[in-house]
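Below is one structure; the comments refer to it alone.
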Amino acid sequence: MSDDLPGLDHYALRSMDYGQLTGLSIACHAIPDSFLLMHVGVGCKNKATAHLLVHDWKEHANIREGWTEVGDRDLILGASERAGPYLRSWFKRMEPAVMVVTSVTFLDLAGEDLPDKVAAAAADLPCPVVYVKAPGYDPDLYVGYAKLIAEVVRAQDWKAPPVDPKRVTVTGYLFDRYEGDHEGNLAQIRGLLKALGLELGVTLLSGRPWAELLTAHEAGVVVELPYARPVSKKLARSLKGRTVVRTDLPMGLKGTSRWLRDVGAATGADAAKVARFTEGREAWVLRSLDTMLDRWRSQAVAVIAEAPLAAGLCAMLLELGLDPVLVGVRGTSLGGADAVRDVLAADGLALPDDAEVIEDPSLASLRDRFAALLQAGRLDGVFGSATDLNVLTTLPPESFAADRVDGRFEPQGPFLVEIGFPCRDHHALMPMPYLGYGGVVVMAQRIVDARRIWDAGRRPTFQL
């Protein structure tokens, strides 16, 4: 094989093979009075909704979505004509505060002027209609999600002076379900800002209705979290007369303290007071976790997540005494291995010397690496989405260390912490953040409670 050609792994199913359509669907799901009309073929809708149906137990994911169901005849005669009637019909049924329209690649390639048809139909509707392009599956869902954030920002008058200079709008928050993990995260952000003498206003996006999102421009400060990075330049053109602070996720002890220092410095907070607050909170967390730190020391773990979350998790785990020996960076639009290492360096942390960081891994490559680490006895825990954990739990029983139980081998394996999108088994009925100082304590509790491979319900099938 030529050195210029990609290997077979290049064509394998990725750990993050969710495209912009899925990201846009998640973003619309995060606005409870929106409606997403997908100008798609009969089967394309499943790509956007299937994982959300499992991921969010609180709010059904596709009750505010529709599709035009383009067939062969429609494509030949002009499929874009369907957009107007479908928009009017769905508005009468649902009466949303905003309607979002998107299409798929094969319809875009037909060369029809769908945006013009959408604009003409929108003139007859009493709610705004936003057209968002979500072509193909490259680069990943985070771009589709961020595009709707950009549209929310663009819909407002940022030239008007802020109503409250101490109010903060947060952009680039990934809200993918109406459960306690996000409830807890938003409470953590609110508390951190309060410690700086600031007030949390609107978070884009956060499960809040359209009219509330349109008050984002009233804030004097905008904190931009990493999930806004795909549209950061577009946002910069809109955010006039505001103090804009671009930050990493406030995760882990040092990462949360750094977030406070960065936001505080940009907004004129008293540095000495910020230092006293961060030192006190870090000490409180360490006292809370003192029982477990020695027990976890040097346990080897794997982390599979998009760059901002992977970096935050690695920082947190290093502070807890665990060693991330494998990091899989899902997707491409939010950064790769360098982005993870840069965040850790900013916190004064580093991965172990023998750690392997792989970018946009395929499921097959993850499977091979999990198996190799198990064979070497160097995998005590894994942090990842349901997709990533499934790769591990479906390995053959002989891949795992085993104890003899009643004449049978009982497979034993690493503990599992499900986090990210999509989650199948982890659902939060109460505030369970992973951001802020509270997020460190909650994550430690999740590690304590985590099931191991042998608790997965799979019966051993081989005997001594």
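Residues in the structure tokens are numbered from 1 in each chain, the chains being A, B, ... in the order shown, and ligands are numbered from 1 in the order shown.
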Item checked: Backbone DSSP call of alpha helix (DSSP H) for range 278-377 of chain A, listed as a PyMOL selection string -> chain A and resi 278-296+307-320+337-346+363-375
Find the spatial neighbours of Thr278 in chain A, counting only C-alpha atoms, within a cut-off of 9 Å - ignore same-chain residues fewer than 5 positions away - and output them as a PyMOL selection string. chain A and resi 253-254+256-258+260-261+273+283
Checklist entry - Skipping near chain neighbours, those fewer than 2 positions away, what residues fall within 12 Å of Asp342 in chain A using only C-alpha atoms, listed as a VMD selection string? => result chain A and resid 248 255 307 to 308 310 to 312 314 to 315 335 to 340 344 to 351
Quick one: write out the picked residues with all heavy atoms as a compact mmCIF listing (two decimals), in the first residue's frame?
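Result file is selection-v9.txt:
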```txt
# COMPACT_ATOMS: atom_id res chain seq x y z
N ASP A 248 -11.94 27.79 28.73
CA ASP A 248 -12.13 26.35 28.70
C ASP A 248 -13.28 26.00 29.63
O ASP A 248 -13.84 26.87 30.32
CB ASP A 248 -10.85 25.64 29.15
CG ASP A 248 -9.67 25.93 28.23
OD1 ASP A 248 -9.87 25.89 27.00
OD2 ASP A 248 -8.57 26.22 28.74
N GLY A 255 -8.73 23.64 37.01
CA GLY A 255 -9.43 24.19 35.86
C GLY A 255 -10.55 25.14 36.26
O GLY A 255 -10.75 26.18 35.63
N ALA A 307 -12.66 17.07 22.61
CA ALA A 307 -11.48 17.69 23.22
C ALA A 307 -11.77 18.46 24.50
O ALA A 307 -11.07 18.26 25.50
CB ALA A 307 -10.77 18.58 22.20
N PRO A 308 -12.77 19.36 24.57
CA PRO A 308 -12.97 20.11 25.82
C PRO A 308 -13.32 19.21 26.99
O PRO A 308 -12.80 19.38 28.09
CB PRO A 308 -14.13 21.06 25.48
CG PRO A 308 -14.15 21.14 24.00
CD PRO A 308 -13.69 19.82 23.50
N ALA A 310 -12.77 15.90 27.17
CA ALA A 310 -11.64 15.00 27.43
C ALA A 310 -10.58 15.69 28.28
O ALA A 310 -10.04 15.10 29.23
CB ALA A 310 -11.04 14.52 26.11
N ALA A 311 -10.27 16.94 27.95
CA ALA A 311 -9.27 17.69 28.72
C ALA A 311 -9.73 17.88 30.15
O ALA A 311 -8.95 17.69 31.11
CB ALA A 311 -9.01 19.04 28.06
N GLY A 312 -11.00 18.27 30.34
CA GLY A 312 -11.52 18.48 31.68
C GLY A 312 -11.53 17.20 32.49
O GLY A 312 -11.19 17.20 33.69
N CYS A 314 -9.59 14.52 32.02
CA CYS A 314 -8.20 14.14 32.32
C CYS A 314 -7.64 14.97 33.47
O CYS A 314 -6.97 14.44 34.36
CB CYS A 314 -7.33 14.28 31.08
SG CYS A 314 -7.61 13.01 29.82
N ALA A 315 -7.91 16.28 33.46
CA ALA A 315 -7.43 17.13 34.55
C ALA A 315 -8.00 16.68 35.88
O ALA A 315 -7.29 16.55 36.89
CB ALA A 315 -7.81 18.58 34.27
N GLY A 335 -10.95 20.54 18.27
CA GLY A 335 -9.53 20.35 18.57
C GLY A 335 -9.18 18.88 18.72
O GLY A 335 -10.05 18.01 18.83
N GLY A 336 -7.86 18.63 18.76
CA GLY A 336 -7.37 17.27 18.87
C GLY A 336 -6.47 17.10 20.06
O GLY A 336 -6.68 17.68 21.12
N ALA A 337 -5.41 16.32 19.87
CA ALA A 337 -4.50 15.98 20.97
C ALA A 337 -3.84 17.24 21.55
O ALA A 337 -3.70 17.37 22.77
CB ALA A 337 -3.43 15.01 20.47
N ASP A 338 -3.44 18.16 20.69
CA ASP A 338 -2.78 19.37 21.18
C ASP A 338 -3.72 20.19 22.05
O ASP A 338 -3.28 20.80 23.05
CB ASP A 338 -2.28 20.21 20.00
CG ASP A 338 -1.09 19.59 19.30
OD1 ASP A 338 -0.45 18.70 19.88
OD2 ASP A 338 -0.80 20.00 18.15
N ALA A 339 -4.99 20.24 21.68
CA ALA A 339 -5.96 21.01 22.48
C ALA A 339 -6.09 20.42 23.88
O ALA A 339 -6.17 21.16 24.87
CB ALA A 339 -7.32 21.02 21.78
N VAL A 340 -6.09 19.10 23.98
CA VAL A 340 -6.18 18.45 25.29
C VAL A 340 -4.94 18.76 26.12
O VAL A 340 -5.03 19.15 27.29
CB VAL A 340 -6.35 16.92 25.12
CG1 VAL A 340 -6.26 16.22 26.48
CG2 VAL A 340 -7.69 16.60 24.46
N LEU A 344 -4.41 20.96 29.80
CA LEU A 344 -3.73 20.38 30.95
C LEU A 344 -2.52 21.23 31.35
O LEU A 344 -2.28 21.47 32.54
CB LEU A 344 -3.29 18.95 30.64
CG LEU A 344 -4.42 17.93 30.45
CD1 LEU A 344 -3.86 16.58 30.05
CD2 LEU A 344 -5.25 17.80 31.72
N ALA A 345 -1.77 21.69 30.36
CA ALA A 345 -0.59 22.51 30.66
C ALA A 345 -1.00 23.81 31.34
O ALA A 345 -0.30 24.29 32.25
CB ALA A 345 0.18 22.80 29.37
N ALA A 346 -2.13 24.38 30.92
CA ALA A 346 -2.59 25.62 31.54
C ALA A 346 -2.93 25.41 33.01
O ALA A 346 -2.86 26.35 33.82
CB ALA A 346 -3.80 26.15 30.79
N ASP A 347 -3.28 24.17 33.37
CA ASP A 347 -3.58 23.84 34.77
C ASP A 347 -2.37 23.29 35.50
O ASP A 347 -2.49 22.84 36.65
CB ASP A 347 -4.71 22.81 34.82
CG ASP A 347 -6.04 23.39 34.36
OD1 ASP A 347 -6.20 24.62 34.46
OD2 ASP A 347 -6.90 22.62 33.90
N GLY A 348 -1.20 23.28 34.85
CA GLY A 348 0.00 22.74 35.48
C GLY A 348 -0.01 21.24 35.58
O GLY A 348 0.63 20.65 36.46
N LEU A 349 -0.71 20.57 34.66
CA LEU A 349 -0.83 19.12 34.68
C LEU A 349 -0.31 18.55 33.36
O LEU A 349 -0.15 19.26 32.38
CB LEU A 349 -2.30 18.70 34.87
CG LEU A 349 -2.98 19.17 36.16
CD1 LEU A 349 -4.48 18.95 36.07
CD2 LEU A 349 -2.39 18.44 37.37
N ALA A 350 -0.07 17.25 33.35
CA ALA A 350 0.38 16.58 32.13
C ALA A 350 -0.03 15.12 32.20
O ALA A 350 -0.12 14.53 33.28
CB ALA A 350 1.89 16.70 31.96
N LEU A 351 -0.27 14.55 31.03
CA LEU A 351 -0.58 13.12 30.96
C LEU A 351 0.68 12.32 31.30
O LEU A 351 1.81 12.81 31.17
CB LEU A 351 -1.05 12.76 29.55
CG LEU A 351 -2.39 13.35 29.11
CD1 LEU A 351 -2.61 13.10 27.62
CD2 LEU A 351 -3.54 12.78 29.93
```
Here CA of Val98 in chain A and CA of Ala83 in chain A stand apart by 15.4 Å
Using CA of Ser385 in chain A and CA of Phe421 in chain A as the two end points, give the distance in Å to one decimal.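 Result for CA of Ser385 in chain A versus CA of Phe421 in chain A: 5.6 Å, one decimal.
Closest approach to Ser206 in chain A among A:Pro32, A:Ala275, A:Ser103, A:Tyr142 is made by A:Pro32 (distances from only C-alpha atoms).
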